[in-house]
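In what follows, a structure is listed as structure tokens, so that the remarks can point back to it.
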Amino acid sequence: MTPSRATTDTFPELPLFDLRLEEQDLEAVAQTLRSGWLTLGPRTAAFEEAFAAHLGARHAVALSSCTAALHLAYLAAGVGPGDEVIVPSFTFAATAAAALYCGATPVFAEIVSRERPSLDPADVAPRITPRTKAVCAVHYAGYPAAVERLRGLCDEYGIALVEDVAHAPSATFAGRKLGTWGLAGAFSFFSNKVLSVGEGGLLCTDSDEVAAFVRARRSHGMTSGTWDRHRGRTDTYDVVGLGYNYRLDEPRAALLLSRLERLEADIARRRELTLRYRALLADVAGILVPFADADVPDSSCYVMPIMIERDGRQAQVSARLRERGIQTSIFYPSIHRFSAYRERFPDVSLPITELASRTELTLPLYPHMTYADQDRVVAALTEALAR
Ligand SMILES: Cc1ncc(COP(=O)(O)O)c(C=O)c1O
């Protein structure tokens, strides 16, 4: 269906991301609203079961956001005050902020290269100290980070591997779904994500202990939920630890369940568009295309990043595309260069990450994008770079 636009602005004509819901999605939400039960209940449980089966994971716990999932994953890994969590800086701020929530220090490590902008295991190893409790692998743009090597490294040092799978639902490495390689995987259902419902997240794990911990902590550390009490299963509860309100609500769980049915088809279209982008961009002078040699069937193809070869042109190229009605973004500014982090971590220097942040541009990509839209983006980019 064609949605009514959230804004009447004419920019962007060609947005970075666009969401199209189907009639069945709207009906699923309407039915939930009519049911009279709106928070953590049967639809959330059904979504958890479906998503765990989809991943091949033992447990999936729905949460209010990926940030909440990262926070609880770090806590489950035993991260506390004085500890360290090794994270990339070429990611969204939440990957590092969640370590700070635990009273721990995020230790920033390098990416491999601008062609492969994910956490470099060779740079992680020397940063491990007796205080390191976890390493977080981010599957940037939907492409697998070096999970096998990172898992090996974590096992060697007896620390936890956490996966930030915000970009990569349904993506795989060596035939195994991302999110299932470490202690826990943290997914996002935020507005612009592959499986978006506005706000939402999920933690998957094969550990019964971690799943029980996360289930309790997402709802104030209580031993039973409101839904259990509503059904008369119990009329009391204990609080067994410091908990949070990290619950998902039922309308969004219903929307997730409905959208999950089309996830593979949506990703198949993203992969097709990504391959077509790669072919078109191969003829564009002055850019690098990250993961250009990576197999698209391993990736969820969440975004289409490019790197401008020459430093210092990012703002200009982005502005020129904007003049043509095309929205771009930067995935990502280096976390350690943000004001709040620079004050805390003034000595961090990551030259590859910083260059990537200064030269990256993310191009529009969404399943119902047309070939004509893509041609328009590539033509405008070519022109912007040539000027
Ligand atoms: C890599 C990464 N990690 C974590 C997050 C946080 O996700 P959420 O908004 O669901 O908390 C995002 C979302 O933008 C992300 O891109």
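Scheme for the structure tokens: letters A, B, ... for chains in order shown; per-chain residue numbers from 1; ligand numbers from 1 in order shown.
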
Write out, as CSV, each residue of chain A that has an atom at most 10 Å from ligand 1, together with the closest pair of atoms and their distance in Å to one decimal, counting only C-alpha atoms and all ligand atoms, rows going by chain and rising number.
residue,atom,partner,partner_atom_place_in_ligand_line,distance
A:Leu63,CA,ligand 1,10 (O),9.0
A:Ser64,CA,ligand 1,10 (O),7.4
A:Ser65,CA,ligand 1,10 (O),3.9
A:Cys66,CA,ligand 1,10 (O),3.7
A:Thr67,CA,ligand 1,11 (O),3.7
A:Ala68,CA,ligand 1,11 (O),6.5
A:Ala69,CA,ligand 1,11 (O),7.9
A:Leu70,CA,ligand 1,4 (C),7.7
A:His71,CA,ligand 1,11 (O),9.9
A:Pro88,CA,ligand 1,1 (C),9.9
A:Phe90,CA,ligand 1,1 (C),8.9
A:Thr91,CA,ligand 1,1 (C),5.3
A:Phe92,CA,ligand 1,2 (C),4.8
A:Ala93,CA,ligand 1,4 (C),7.2
A:Ala94,CA,ligand 1,4 (C),5.0
A:Thr95,CA,ligand 1,3 (N),5.3
A:Ala96,CA,ligand 1,3 (N),8.9
A:Ala97,CA,ligand 1,4 (C),9.5
A:Ala98,CA,ligand 1,4 (C),9.2
A:Ala137,CA,ligand 1,1 (C),9.5
A:Val138,CA,ligand 1,1 (C),6.1
A:His139,CA,ligand 1,1 (C),7.4
A:Tyr140,CA,ligand 1,1 (C),6.7
A:Ala141,CA,ligand 1,1 (C),8.3
A:Gly142,CA,ligand 1,1 (C),9.5
A:Glu163,CA,ligand 1,3 (N),9.5
A:Asp164,CA,ligand 1,3 (N),5.8
A:Val165,CA,ligand 1,1 (C),7.0
A:Ala166,CA,ligand 1,2 (C),4.9
A:His167,CA,ligand 1,16 (O),6.1
A:Ala168,CA,ligand 1,1 (C),9.2
A:Ala186,CA,ligand 1,4 (C),7.9
A:Phe187,CA,ligand 1,10 (O),7.1
A:Ser188,CA,ligand 1,10 (O),4.0
A:Phe189,CA,ligand 1,10 (O),5.7
A:Phe190,CA,ligand 1,10 (O),4.7
A:Ser191,CA,ligand 1,9 (O),8.0
A:Asn192,CA,ligand 1,14 (O),7.9
A:Lys193,CA,ligand 1,14 (O),7.7
A:Ser196,CA,ligand 1,10 (O),9.3
A:Gly198,CA,ligand 1,10 (O),8.8
A:Glu199,CA,ligand 1,10 (O),6.1
A:Gly200,CA,ligand 1,10 (O),5.6
A:Gly201,CA,ligand 1,10 (O),5.4
A:Leu202,CA,ligand 1,10 (O),8.7
A:Tyr302,CA,ligand 1,16 (O),9.9
A:Phe331,CA,ligand 1,16 (O),8.5
A:Tyr332,CA,ligand 1,16 (O),9.0

Please dump the current selection as a compact mmCIF listing (two decimals), in the first residue's frame; keep N, CA and C atoms.
# COMPACT_ATOMS: atom_id res chain seq x y z
N LEU A 63 12.71 -6.93 23.48
CA LEU A 63 13.03 -5.80 24.36
C LEU A 63 12.60 -4.49 23.70
N SER A 64 12.75 -3.41 24.45
CA SER A 64 12.29 -2.11 23.94
C SER A 64 13.23 -1.53 22.89
N SER A 65 14.48 -1.99 22.85
CA SER A 65 15.44 -1.46 21.87
C SER A 65 16.66 -2.36 21.81
N CYS A 66 17.47 -2.12 20.79
CA CYS A 66 18.76 -2.83 20.71
C CYS A 66 19.70 -2.32 21.80
N THR A 67 19.56 -1.04 22.12
CA THR A 67 20.40 -0.47 23.18
C THR A 67 20.16 -1.22 24.49
N ALA A 68 18.88 -1.48 24.78
CA ALA A 68 18.53 -2.26 25.98
C ALA A 68 19.14 -3.67 25.89
N ALA A 69 19.09 -4.25 24.69
CA ALA A 69 19.65 -5.60 24.50
C ALA A 69 21.16 -5.59 24.74
N LEU A 70 21.83 -4.56 24.25
CA LEU A 70 23.29 -4.48 24.47
C LEU A 70 23.59 -4.32 25.95
N HIS A 71 22.81 -3.45 26.61
CA HIS A 71 23.02 -3.22 28.05
C HIS A 71 22.88 -4.55 28.81
N PRO A 88 34.12 -1.41 18.42
CA PRO A 88 34.60 -0.53 17.35
C PRO A 88 34.12 0.89 17.64
N PHE A 90 33.64 2.78 14.86
CA PHE A 90 32.92 2.98 13.60
C PHE A 90 31.58 2.26 13.69
N THR A 91 30.72 2.78 14.54
CA THR A 91 29.40 2.18 14.80
C THR A 91 28.52 3.25 15.42
N PHE A 92 27.28 2.88 15.70
CA PHE A 92 26.39 3.82 16.37
C PHE A 92 26.78 3.91 17.85
N ALA A 93 26.56 5.09 18.43
CA ALA A 93 27.02 5.38 19.80
C ALA A 93 26.54 4.36 20.84
N ALA A 94 25.38 3.74 20.59
CA ALA A 94 24.80 2.83 21.58
C ALA A 94 25.71 1.64 21.90
N THR A 95 26.50 1.19 20.93
CA THR A 95 27.38 0.03 21.15
C THR A 95 28.33 0.31 22.32
N ALA A 96 28.80 1.57 22.38
CA ALA A 96 29.73 1.96 23.46
C ALA A 96 28.97 2.45 24.68
N ALA A 97 27.88 3.18 24.47
CA ALA A 97 27.13 3.76 25.60
C ALA A 97 26.66 2.67 26.56
N ALA A 98 26.26 1.52 25.99
CA ALA A 98 25.75 0.44 26.84
C ALA A 98 26.82 -0.04 27.83
N ALA A 137 31.18 -7.34 18.59
CA ALA A 137 31.35 -7.33 17.13
C ALA A 137 30.11 -6.69 16.51
N VAL A 138 30.32 -5.65 15.71
CA VAL A 138 29.19 -5.01 15.02
C VAL A 138 29.21 -5.48 13.57
N HIS A 139 28.08 -5.95 13.09
CA HIS A 139 28.01 -6.42 11.69
C HIS A 139 27.58 -5.25 10.82
N TYR A 140 28.56 -4.41 10.56
CA TYR A 140 28.32 -3.14 9.89
C TYR A 140 27.63 -3.32 8.53
N ALA A 141 26.58 -2.57 8.32
CA ALA A 141 25.83 -2.54 7.06
C ALA A 141 25.16 -3.88 6.73
N GLY A 142 25.26 -4.83 7.66
CA GLY A 142 24.63 -6.14 7.44
C GLY A 142 25.61 -7.23 7.04
N GLU A 163 27.35 -9.81 20.09
CA GLU A 163 27.20 -9.33 18.71
C GLU A 163 26.15 -8.23 18.66
N ASP A 164 26.54 -7.11 18.07
CA ASP A 164 25.57 -6.04 17.79
C ASP A 164 25.05 -6.33 16.38
N VAL A 165 23.84 -6.90 16.35
CA VAL A 165 23.27 -7.37 15.09
C VAL A 165 22.20 -6.40 14.59
N ALA A 166 22.30 -5.14 15.05
CA ALA A 166 21.28 -4.13 14.69
C ALA A 166 21.07 -4.05 13.19
N HIS A 167 22.16 -4.26 12.41
CA HIS A 167 22.07 -4.11 10.96
C HIS A 167 21.79 -5.43 10.24
N ALA A 168 21.83 -6.53 10.95
CA ALA A 168 22.04 -7.79 10.24
C ALA A 168 21.09 -8.94 10.57
N ALA A 186 22.33 -8.80 19.82
CA ALA A 186 21.40 -7.71 20.09
C ALA A 186 20.87 -7.14 18.77
N PHE A 187 19.56 -7.27 18.57
CA PHE A 187 18.91 -6.84 17.32
C PHE A 187 18.14 -5.53 17.55
N SER A 188 17.98 -4.77 16.46
CA SER A 188 17.21 -3.52 16.53
C SER A 188 16.04 -3.56 15.55
N PHE A 189 14.91 -3.06 16.03
CA PHE A 189 13.74 -2.91 15.14
C PHE A 189 13.38 -1.43 15.02
N PHE A 190 14.40 -0.59 15.18
CA PHE A 190 14.24 0.87 15.08
C PHE A 190 13.72 1.22 13.68
N SER A 191 13.16 2.39 13.61
CA SER A 191 12.46 2.91 12.44
C SER A 191 13.10 2.64 11.07
N ASN A 192 14.42 2.82 10.96
CA ASN A 192 15.04 2.69 9.63
C ASN A 192 15.73 1.35 9.41
N LYS A 193 15.44 0.39 10.27
CA LYS A 193 16.15 -0.88 10.18
C LYS A 193 15.47 -1.83 9.19
N SER A 196 11.74 -3.04 10.70
CA SER A 196 11.49 -1.88 11.57
C SER A 196 10.03 -1.81 11.99
N GLY A 198 9.37 0.98 14.36
CA GLY A 198 9.42 2.22 15.14
C GLY A 198 10.51 2.11 16.18
N GLU A 199 10.19 1.41 17.25
CA GLU A 199 11.17 1.13 18.31
C GLU A 199 11.05 -0.34 18.69
N GLY A 200 12.15 -0.94 19.05
CA GLY A 200 12.08 -2.33 19.50
C GLY A 200 13.44 -2.98 19.38
N GLY A 201 13.63 -4.05 20.12
CA GLY A 201 14.89 -4.78 20.07
C GLY A 201 14.69 -6.20 20.54
N LEU A 202 15.76 -6.97 20.50
CA LEU A 202 15.67 -8.38 20.92
C LEU A 202 17.05 -8.89 21.24
N TYR A 302 21.74 -4.04 4.64
CA TYR A 302 20.95 -3.01 5.34
C TYR A 302 21.14 -1.63 4.74
N PHE A 331 27.39 6.83 7.96
CA PHE A 331 27.39 5.65 8.83
C PHE A 331 28.85 5.24 9.00
N TYR A 332 29.58 5.73 9.94
CA TYR A 332 29.21 6.49 11.10
C TYR A 332 30.29 7.51 11.41

Margin query: Write out as a PyMOL selection string the set of residues from stretch 16-105 of chain A that DSSP, computed on the backbone, places in strand (DSSP E or B).
Written below: chain A and resi 39+59-63+84-88+105

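Closest approach to A:Asp120 among A:Ala30, A:Leu153, A:Ile159, A:Ala99: A:Leu153, based on only C-alpha atoms.
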
Checklist line | Non-local contacts of A:Tyr74 (12 Å; only C-alpha atoms; under 2 positions in same chain excluded) as a VMD selection string | finding: chain A and resid 67 to 72 76 to 81 83 to 87 95 to 106 132 to 136 159 to 164 182 to 186 203 210 213 to 214

Checklist line | Test item, alpha helix (DSSP H) assignment across stretch 9-236 of chain A, answer as a PyMOL selection string | finding: chain A and resi 23-35+42-55+66-76+94-101+121-124+147-157+208-217+226-230
